[in-house]
Amino acid sequence: MLSYLLLTLVLLSIGGYYLGRNRAFAVANGHIRNLHSLPSFYGSYTALWCGLPALIVFAVWATLQPGVIIDLVVAGLPPELRELPPDRLNLVINDLKNLVSGNIVSSTPNPAILEAANRYRNLQTIGNASLWVVIMALAIAGIAYGWRTISPTLRARNRVEQVVNLFLIVSSTIAIFTTVGIVLSVLFESILFFGKIPVTEFLFGLQWSPQTAIRADQVGSSGAFGAVPLFTGTLLISGIAMLVAVPVGLMSALFLSEYATPKFRATAKPALEVLAGIPTVVYGFFAALTVAPVIRDLGTALGLQVASESALAAGLVMGIMIIPFVSSLSDDVINAVPQSMRDGSYALGATKSETIRRVLLPAALPGIVGSILLAVSRAIGETMIVVMAAGLSANLTANPLAAVTTVTVQIVTLLTGDQEFDSPKTLAAFALGLVLFTVTLILNIIALHVVRKYREQYE
Amino acid sequence: MNKPNSATVPATSGRDIKTIVNASLPRRHAAERRFRWYGLIAISLGLAFVVLMFANIIGKGYSAFWQTYVQVPISFDAAVLDPQGNRDAKAIEGADYGALVRAGLRAVFPNVQGRGELRTLYALVSSDAPQELRRTVMANPALIGATQEVWLLASATVDTFVKGNIDRTLDETERPIKDNQVAWIDKLAAAGKVEQRFNTLLFGSGDSREPEQAGIRGALMGSFYTLLVTFLLSFPIGVATAVYLEEFAPKNRWTDLIEVNINNLAAVPSIVFGLLGLAVFINFFGLPRSAPLVGGLVLSLMTLPVIIIAGRAALTSVPPSIREAALGMGASKLQMVGHHVLPLALPGMLTGSIIGMARALGESAPLLMIGMVAFIVDVPRGFMDPATVLPVQIYLWADLPERAFVERTSAAIMVLLGFMILMNGLAIVLRKRFERRW
């Protein structure tokens, strides 16, 4: 329904374009040089007058309409329904919406609600019809206005360019809005959470069991929100991942940039980067169904107690995922070291490996540290592998064979499934998100800073 | 190079240095060879992981592209289908097709007696078989009264067994298929009544609790709608931002801030974008959960930095002489960008966007947050319908223990990887074809 309206609007704008262009030809008496701008700009000018105001009104209307209709319908409800507490009223409204959209309703609807649903439908029809009328009127009025104002002296190009410029500027601010949105949404819910659970308990508590009860008198209703086990779990798994990724990634980068023939490099480098393109859910599947059983069987063969969701399996696979990350970043860094430094070392009689160890690595160290930091932040924020392969129980342990849980796993488990939005359980997820965001942000800022400083050194 | 050595060697004696260096050479060369080996081992490890993962997934999943069917004689009994005899479409649709299937199976194995045994017999075919018969009869009512050999979808257990993934030498209690079922299947197979066909259901149906009926069509359509929203939003906005920052923006604090922001957004964990989507799009704006529209919004925020960074790189590679020539001919700045710079930079921008879209296609963590994990049977038909996407479908199936689901998960992964290879390949072709060296 509404998409047809948009389509009509687009068609009208296209029509407006041709009308405006023809009008420009007409007012110029056939000589384009009489015009201030090229005729196509007059066309775009008219099209903008047709489409833009209508589109803005459409957007505002479409966002406001559902709320207004709900308010009107609620006002029309009998008083015994209207004066329900807000949460009960929300249930009634939900039932109503379900009725309107023709879904199955939980209980047999009461006649007042049926009537309200009818009112809702009527109002919706009226609203949509009037939206059509208003938008069409606006669009046609826009065309008429644009068409009338076209004259040889109209600075159509400048007007059109102003609008385009505005679009460019607004687009470029979206990145800022995204960041602000992330910070606000996470911060706002976190403050609500810290109103219920003290910050110190969250950051330094050793007990994590977020299962809060629905009724206060229920057993086990005291949820514990000490996040230290999650932090240690995250660090344990990321640590294992880095133990895999850093040596393998760094040595691969060194081999590819210093030893490999150009032909070998041309095939091996993209092949290694395939690892970076594989979706993380695939790694998760691999970790949970292939690596974890192998590790468990190996452990049992050696007489060790291995949890079936051991930190080792998740960490190993995460390490594989991060290898190309470390290797391609270090590769850039190593290539940035000037050739003259290598040549100087060779001239003194050093072998290749001595040059790498005593000249190249010290020179490239800041850059390598930066890339490792970026990789760490990637490992900390990685979700799917740990959700699928790591455990759910928050154990405070450094044993890689035990099951641990991580910050990201907890965010996912707290927010999927049935939830009340203002319970500490769901709010805790946002607090964890805040921690995650802050830590990765700091790591990224430091890493980017280190890398940039390092690049400047050799430029 | 070697500090302890140079300290002990007297500076006067050239012969001594030579002997000492010569003496140390074997050790140094050994170290050199060792180091080289470490490098080679590291890179082979990395490549081995790639091969291992692909081999593992293809090995587990290739069999899911085939599906077992068993042939059973079905008599389309008019007494069951159309008791009134007036060919009323409604009555035919509501008839008990399960009875036809059961009767057909009993006809093949007339010796099976007792409820328990009959139940294991009926479990040979999928619970979808009656629906399949209903569709056949509804499409061709002339079948009523006839008896025909019909290929019926086998149940997942039978399918797994026929594919050889259940060890028949195990004890009955240790495998999901019963001894008598094995005997029946062997008998059917000997008569040529068991067949493997290309698994059209995998691509043609939505999710299901029954592995043999579960397909990825719903997830594929969900991914399609989600990516469409992502592309429609992130490409124009990304290109506009890149153009603004590269061509128009004054160098000041504000644009610096935008730049730092974009670089940081590129490194924010994806799950945080999911939290943003949940808090802003769902709770604040009240958009429906599980909708491709919301998924697309979240993913486009994630993809934007990728497109912007690629777009800026493409714009900087266009030489300034083009700009100066256009301006010199009297073009306005916007005309210069629109007519000359942008068309030249567009292939590079498209390449970057396709790579960004490929990454968005494989993303699942933020979509878990906005409710795209629900069990959804229907194939979505719009941007507002509840949907799931391919990676999330993989996540959901990976949790299910049946062997048949493991096989399907791997097959879904193969499809996903196929799409990613396709997209990245397209990006490479675009780059090769349109790359210009100035």
# chains A, B, ... in the order shown; residues from 1 in each chain; ligands from 1
$ select_by_dssp --residues "region 141-280 of chain B" --states "strand (DSSP E or B)" --output "ChimeraX atom specification"
/B:147-154,194-198
$ write_last_selection --atoms "N, CA and C atoms" --output "PDB file, in the first residue's frame"
ATOM      1  N   THR B 147      -4.576 -47.253  -8.270  1.00  0.00           N
ATOM      2  CA  THR B 147      -3.456 -47.676  -7.433  1.00  0.00           C
ATOM      3  C   THR B 147      -2.176 -47.392  -8.202  1.00  0.00           C
ATOM      4  N   GLN B 148      -1.237 -46.761  -7.518  1.00  0.00           N
ATOM      5  CA  GLN B 148      -0.033 -46.352  -8.224  1.00  0.00           C
ATOM      6  C   GLN B 148       1.179 -46.554  -7.348  1.00  0.00           C
ATOM      7  N   GLU B 149       2.318 -46.833  -7.973  1.00  0.00           N
ATOM      8  CA  GLU B 149       3.581 -46.857  -7.231  1.00  0.00           C
ATOM      9  C   GLU B 149       4.009 -45.403  -7.045  1.00  0.00           C
ATOM     10  N   VAL B 150       4.196 -45.009  -5.795  1.00  0.00           N
ATOM     11  CA  VAL B 150       4.539 -43.608  -5.529  1.00  0.00           C
ATOM     12  C   VAL B 150       5.861 -43.564  -4.774  1.00  0.00           C
ATOM     13  N   TRP B 151       6.724 -42.638  -5.173  1.00  0.00           N
ATOM     14  CA  TRP B 151       7.971 -42.434  -4.423  1.00  0.00           C
ATOM     15  C   TRP B 151       7.685 -41.526  -3.240  1.00  0.00           C
ATOM     16  N   LEU B 152       7.927 -42.030  -2.032  1.00  0.00           N
ATOM     17  CA  LEU B 152       7.659 -41.225  -0.840  1.00  0.00           C
ATOM     18  C   LEU B 152       8.985 -40.834  -0.180  1.00  0.00           C
ATOM     19  N   LEU B 153       8.972 -39.648   0.407  1.00  0.00           N
ATOM     20  CA  LEU B 153      10.149 -39.150   1.112  1.00  0.00           C
ATOM     21  C   LEU B 153      10.427 -40.053   2.319  1.00  0.00           C
ATOM     22  N   ALA B 154      11.661 -40.566   2.410  1.00  0.00           N
ATOM     23  CA  ALA B 154      12.008 -41.413   3.544  1.00  0.00           C
ATOM     24  C   ALA B 154      12.286 -40.554   4.770  1.00  0.00           C
ATOM     25  N   VAL B 194      14.336 -48.324  -3.333  1.00  0.00           N
ATOM     26  CA  VAL B 194      14.953 -47.229  -2.561  1.00  0.00           C
ATOM     27  C   VAL B 194      15.827 -46.450  -3.521  1.00  0.00           C
ATOM     28  N   GLU B 195      15.680 -45.154  -3.492  1.00  0.00           N
ATOM     29  CA  GLU B 195      16.390 -44.357  -4.486  1.00  0.00           C
ATOM     30  C   GLU B 195      16.880 -43.060  -3.862  1.00  0.00           C
ATOM     31  N   GLN B 196      18.028 -42.603  -4.327  1.00  0.00           N
ATOM     32  CA  GLN B 196      18.512 -41.292  -3.860  1.00  0.00           C
ATOM     33  C   GLN B 196      18.330 -40.290  -4.987  1.00  0.00           C
ATOM     34  N   ARG B 197      17.728 -39.178  -4.645  1.00  0.00           N
ATOM     35  CA  ARG B 197      17.510 -38.152  -5.661  1.00  0.00           C
ATOM     36  C   ARG B 197      18.107 -36.848  -5.183  1.00  0.00           C
ATOM     37  N   PHE B 198      18.223 -35.902  -6.127  1.00  0.00           N
ATOM     38  CA  PHE B 198      18.712 -34.588  -5.747  1.00  0.00           C
ATOM     39  C   PHE B 198      17.744 -33.962  -4.749  1.00  0.00           C
TER      40      PHE B 198
END
$ residues_around --residues "Ala363 (chain A)" --least-positions-apart "6" --cutoff "10 Å" --atoms "only C-alpha atoms" --output "NGL selection string"
:A and (333-334 or 336-338 or 341 or 356-357 or 454 or 457-458)
$ closest_residue --among "A:Ser3, A:Ser393, A:Gly16, A:Ile295" --to "chain B" --atoms "only C-alpha atoms"
A:Ser3
$ residues_around --residues "Val387 (chain A)" --least-positions-apart "4" --cutoff "9 Å" --atoms "only C-alpha atoms" --output "list of chain:residue names"
A:Gly284, A:Thr383, A:Gly391, A:Leu392, A:Thr405, A:Thr406, A:Thr408, A:Val409, A:Gln410, A:Val412, A:Thr413
$ atom_distance --atom1 "CA of Thr46 (chain A)" --atom2 "CA of Leu344 (chain B)"
28.7 Å
$ residues_around --residues "Val318 (chain B)" --least-positions-apart "2" --cutoff "10 Å" --atoms "only C-alpha atoms" --output "ChimeraX atom specification"
/B:313-316,320-323,340-342,344-345,436-438
$ closest_residue --among "A:Ala112, A:Leu166, A:Ala301, A:Ala394" --to "chain B" --atoms "only C-alpha atoms"
A:Leu166
$ residues_around --residues "region 190-198 of chain A" --least-positions-apart "3" --cutoff "6 Å" --atoms "only C-alpha atoms" --output "PDB file with N, CA and C atoms, in the first residue's frame"
ATOM      1  N   LEU A 187      25.045   2.997  27.286  1.00  0.00           N
ATOM      2  CA  LEU A 187      25.244   3.723  28.552  1.00  0.00           C
ATOM      3  C   LEU A 187      23.935   3.850  29.326  1.00  0.00           C
ATOM      4  N   GLU A 201      30.246  -4.140  42.633  1.00  0.00           N
ATOM      5  CA  GLU A 201      29.888  -5.546  42.666  1.00  0.00           C
ATOM      6  C   GLU A 201      29.995  -6.161  41.278  1.00  0.00           C
ATOM      7  N   PRO A 424      17.088  -6.814  35.720  1.00  0.00           N
ATOM      8  CA  PRO A 424      18.546  -6.704  35.780  1.00  0.00           C
ATOM      9  C   PRO A 424      19.220  -7.668  34.820  1.00  0.00           C
ATOM     10  N   LEU A 427      19.374  -5.998  31.461  1.00  0.00           N
ATOM     11  CA  LEU A 427      20.201  -4.787  31.570  1.00  0.00           C
ATOM     12  C   LEU A 427      21.668  -5.153  31.738  1.00  0.00           C
ATOM     13  N   PHE A 430      23.607  -5.157  28.681  1.00  0.00           N
ATOM     14  CA  PHE A 430      24.073  -3.865  28.185  1.00  0.00           C
ATOM     15  C   PHE A 430      25.293  -3.386  28.958  1.00  0.00           C
ATOM     16  N   ALA A 431      25.327  -3.686  30.261  1.00  0.00           N
ATOM     17  CA  ALA A 431      26.511  -3.321  31.036  1.00  0.00           C
ATOM     18  C   ALA A 431      27.732  -4.062  30.506  1.00  0.00           C
TER      19      ALA A 431
END
$ closest_residue --among "B:Ala142, B:Ala42, B:Ala191, B:Ala64" --to "chain A" --atoms "only C-alpha atoms"
B:Ala42
$ select_by_dssp --residues "region 205-446 of chain A" --states "alpha helix (DSSP H)" --output "JSON, numbers by chain"
{"A": [228, 229, 230, 231, 232, 233, 234, 235, 236, 237, 238, 239, 240, 241, 242, 243, 244, 245, 246, 247, 248, 249, 250, 251, 252, 253, 254, 262, 263, 264, 265, 266, 267, 268, 269, 270, 271, 272, 273, 274, 275, 276, 277, 280, 281, 282, 283, 284, 285, 286, 292, 293, 294, 295, 296, 297, 298, 299, 300, 301, 311, 312, 313, 314, 315, 316, 317, 318, 319, 320, 321, 322, 323, 324, 325, 326, 327, 328, 329, 330, 331, 332, 333, 334, 335, 336, 339, 340, 341, 342, 343, 344, 345, 346, 347, 352, 353, 354, 355, 361, 362, 363, 364, 365, 366, 367, 368, 369, 370, 371, 372, 373, 374, 375, 376, 377, 378, 379, 380, 381, 384, 385, 386, 387, 388, 389, 407, 408, 409, 410, 411, 412, 413, 414, 415, 424, 425, 426, 427, 428, 429, 430, 431, 432, 433, 434, 435, 436, 437, 438, 439, 440, 441, 442, 443, 444, 445, 446]}
$ closest_residue --among "A:Cys50, A:Thr261, A:Ala241, A:Leu401" --to "Leu298 (chain A)" --atoms "only C-alpha atoms"
A:Leu401
$ residues_around --residues "Gly381 (chain A)" --least-positions-apart "3" --cutoff "12 Å" --atoms "only C-alpha atoms" --output "PyMOL selection string"
(chain A and resi 231+234-235+237-238+280+318+374-378+384-387+406-409+411+432-441+443-444) or (chain B and resi 267-273+365-366)
$ write_last_selection --atoms "N, CA and C atoms" --output "compact mmCIF listing (two decimals), in the first residue's frame"
# COMPACT_ATOMS: atom_id res chain seq x y z
N PHE A 231 35.26 -12.01 32.69
CA PHE A 231 36.46 -11.35 32.18
C PHE A 231 37.61 -12.35 32.08
N THR A 234 37.02 -14.66 29.17
CA THR A 234 37.34 -14.00 27.90
C THR A 234 38.84 -13.94 27.69
N LEU A 235 39.55 -13.56 28.75
CA LEU A 235 41.01 -13.44 28.63
C LEU A 235 41.64 -14.80 28.36
N ILE A 237 40.35 -17.45 26.83
CA ILE A 237 40.13 -17.90 25.45
C ILE A 237 40.91 -17.02 24.47
N SER A 238 40.88 -15.70 24.70
CA SER A 238 41.65 -14.82 23.80
C SER A 238 43.13 -15.12 23.91
N THR A 280 32.24 -16.38 10.75
CA THR A 280 32.63 -16.91 12.05
C THR A 280 31.73 -18.06 12.49
N MET A 318 39.58 -19.96 17.41
CA MET A 318 39.61 -18.50 17.30
C MET A 318 41.00 -18.05 16.84
N LEU A 374 45.29 -4.95 17.84
CA LEU A 374 44.06 -5.01 17.04
C LEU A 374 43.50 -6.43 17.03
N ALA A 375 44.42 -7.40 16.91
CA ALA A 375 43.97 -8.79 16.90
C ALA A 375 43.34 -9.17 18.24
N VAL A 376 43.93 -8.68 19.34
CA VAL A 376 43.36 -8.97 20.66
C VAL A 376 41.95 -8.40 20.76
N SER A 377 41.79 -7.18 20.28
CA SER A 377 40.46 -6.57 20.40
C SER A 377 39.46 -7.35 19.55
N ARG A 378 39.93 -7.86 18.43
CA ARG A 378 39.08 -8.71 17.60
C ARG A 378 38.69 -9.99 18.35
N MET A 384 30.51 -15.56 17.68
CA MET A 384 29.88 -16.82 17.27
C MET A 384 30.70 -18.05 17.69
N ILE A 385 32.03 -17.97 17.57
CA ILE A 385 32.84 -19.14 17.92
C ILE A 385 32.59 -19.51 19.38
N VAL A 386 32.65 -18.51 20.26
CA VAL A 386 32.50 -18.82 21.67
C VAL A 386 31.06 -19.20 22.01
N VAL A 387 30.09 -18.58 21.33
CA VAL A 387 28.70 -18.95 21.61
C VAL A 387 28.49 -20.43 21.29
N THR A 406 32.28 -16.40 28.30
CA THR A 406 32.89 -15.10 27.98
C THR A 406 31.83 -14.00 28.01
N VAL A 407 32.29 -12.78 27.91
CA VAL A 407 31.39 -11.63 27.93
C VAL A 407 30.38 -11.73 26.79
N THR A 408 30.89 -12.04 25.58
CA THR A 408 29.98 -12.06 24.43
C THR A 408 28.96 -13.19 24.54
N VAL A 409 29.39 -14.33 25.05
CA VAL A 409 28.44 -15.45 25.22
C VAL A 409 27.31 -15.03 26.14
N ILE A 411 26.26 -12.00 26.80
CA ILE A 411 25.36 -11.01 26.17
C ILE A 411 24.33 -11.75 25.32
N LEU A 432 27.54 -5.36 30.18
CA LEU A 432 28.65 -6.12 29.59
C LEU A 432 29.03 -5.52 28.24
N GLY A 433 28.03 -5.10 27.48
CA GLY A 433 28.29 -4.46 26.19
C GLY A 433 29.11 -3.20 26.37
N LEU A 434 28.78 -2.45 27.42
CA LEU A 434 29.54 -1.22 27.69
C LEU A 434 31.00 -1.55 27.96
N VAL A 435 31.24 -2.57 28.79
CA VAL A 435 32.62 -2.97 29.09
C VAL A 435 33.33 -3.37 27.80
N LEU A 436 32.63 -4.19 27.02
CA LEU A 436 33.22 -4.69 25.77
C LEU A 436 33.57 -3.53 24.83
N PHE A 437 32.61 -2.62 24.68
CA PHE A 437 32.82 -1.48 23.79
C PHE A 437 34.01 -0.65 24.27
N THR A 438 34.04 -0.35 25.58
CA THR A 438 35.11 0.49 26.11
C THR A 438 36.47 -0.17 25.91
N VAL A 439 36.55 -1.46 26.27
CA VAL A 439 37.86 -2.13 26.18
C VAL A 439 38.34 -2.18 24.74
N THR A 440 37.45 -2.59 23.82
CA THR A 440 37.90 -2.69 22.43
C THR A 440 38.24 -1.31 21.88
N LEU A 441 37.46 -0.30 22.29
CA LEU A 441 37.74 1.05 21.81
C LEU A 441 39.13 1.50 22.25
N LEU A 443 41.66 -0.37 23.16
CA LEU A 443 42.68 -1.15 22.44
C LEU A 443 42.87 -0.63 21.02
N ASN A 444 41.76 -0.33 20.35
CA ASN A 444 41.86 0.15 18.97
C ASN A 444 42.56 1.48 18.90
N ALA B 267 36.18 -1.07 13.74
CA ALA B 267 36.78 -2.07 14.64
C ALA B 267 35.89 -2.40 15.84
N VAL B 268 34.69 -1.83 15.89
CA VAL B 268 33.79 -2.14 17.00
C VAL B 268 33.27 -3.57 16.81
N PRO B 269 33.24 -4.39 17.88
CA PRO B 269 32.74 -5.76 17.75
C PRO B 269 31.31 -5.77 17.22
N SER B 270 31.03 -6.74 16.37
CA SER B 270 29.74 -6.73 15.70
C SER B 270 28.58 -6.85 16.68
N ILE B 271 28.81 -7.53 17.79
CA ILE B 271 27.71 -7.75 18.72
C ILE B 271 27.23 -6.43 19.33
N VAL B 272 28.14 -5.45 19.42
CA VAL B 272 27.75 -4.15 19.95
C VAL B 272 26.75 -3.48 19.01
N PHE B 273 26.91 -3.70 17.70
CA PHE B 273 25.92 -3.17 16.76
C PHE B 273 24.56 -3.82 17.01
N ALA B 365 26.18 -12.52 14.59
CA ALA B 365 26.07 -12.13 15.99
C ALA B 365 25.09 -10.97 16.22
N PRO B 366 25.15 -9.86 15.46
CA PRO B 366 24.20 -8.78 15.75
C PRO B 366 22.77 -9.19 15.46
